[in-house]
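S.K.: One structure, pasted below without further comment.
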Amino acid sequence: MAGLKLICGLVLLCMLVVEPMATTALTCGQVASQTAGCIRYLQRGGNPPAACCNGVRNLNRQARTTRDRRTACRCLQTAARTISGINAKLAAGLPAKCGVKIPYKISPSTNCNRVS
């Protein structure tokens with residue numbers, strides 16, 4: 001049942017915040033898809049599963065432009081507010097846990113407009 005709620009939450013998130021394809025190459029739907037495997041880790045800790053880190057690496061490859069990185073930043077912030085139980089410290093450390101460097105901190109306080 002919890003899995004169904006999570007999927008419904010992700011679908012709702014995608015419907016609410018996805019930007020039209022004409023304005024950006026990366027969408028919140030893509031961000032949600034790539035990071036879905038991380039949710040349990042972000043709620044409970046432990047080690048991120050391979051599917052999570054593969055998604056983080058794929059997302060990093062997809063977010064090539066400033067606009068894409070800003071979109072990813074905003075989508076991640078929205079997801080953190082929408083999905084209950086996300087541990088902000090685990091989220092901030094996730095890229096490093098997966099061996100990925102990103103040009104901003106994953107945090108609710110990050111100003112996504114300044115991400116380059």
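Ligands are numbered from 1 in the order shown, residues from 1 within each chain, and chains are lettered A, B, ... in the order they appear in the structure tokens.
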Contacts of region 72-74 of chain A at 9 Å or less, counting only C-alpha atoms, minus same-chain residues fewer than 6 places along, as a list in words?
M.R.: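 Residues meeting the cut-off are Leu26, Thr27, Cys28, Gln30, Val31, Leu59, Ala63, Tyr104, Lys105, Ile106, Ser107, Thr110, Asn111, Cys112, Asn113 and Val115 of chain A.
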S.K.: Find the residues around region 82-99 of chain A up to 10 Å (only C-alpha atoms counted), leave out those fewer than 2 positions away in its own chain, and share them as a PyMOL selection string.
M.R.: chain A and resi 5-6+9-10+12-13+38-50+52-57+60+76-80+101-102+104-108
S.K.: Between CA of Ala25 (chain A) and CA of Ala51 (chain A), what distance in Å does the model show, to one decimal?
M.R.: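 Interatomic distance here is 22.7 Å.
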S.K.: Nearest residue to Val100 (chain A) out of A:Gln34, A:Asn58, A:Ser116, A:Thr65, using only C-alpha atoms?
M.R.: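 Using only C-alpha atoms, Val100 (chain A) sits closest to A:Asn58.
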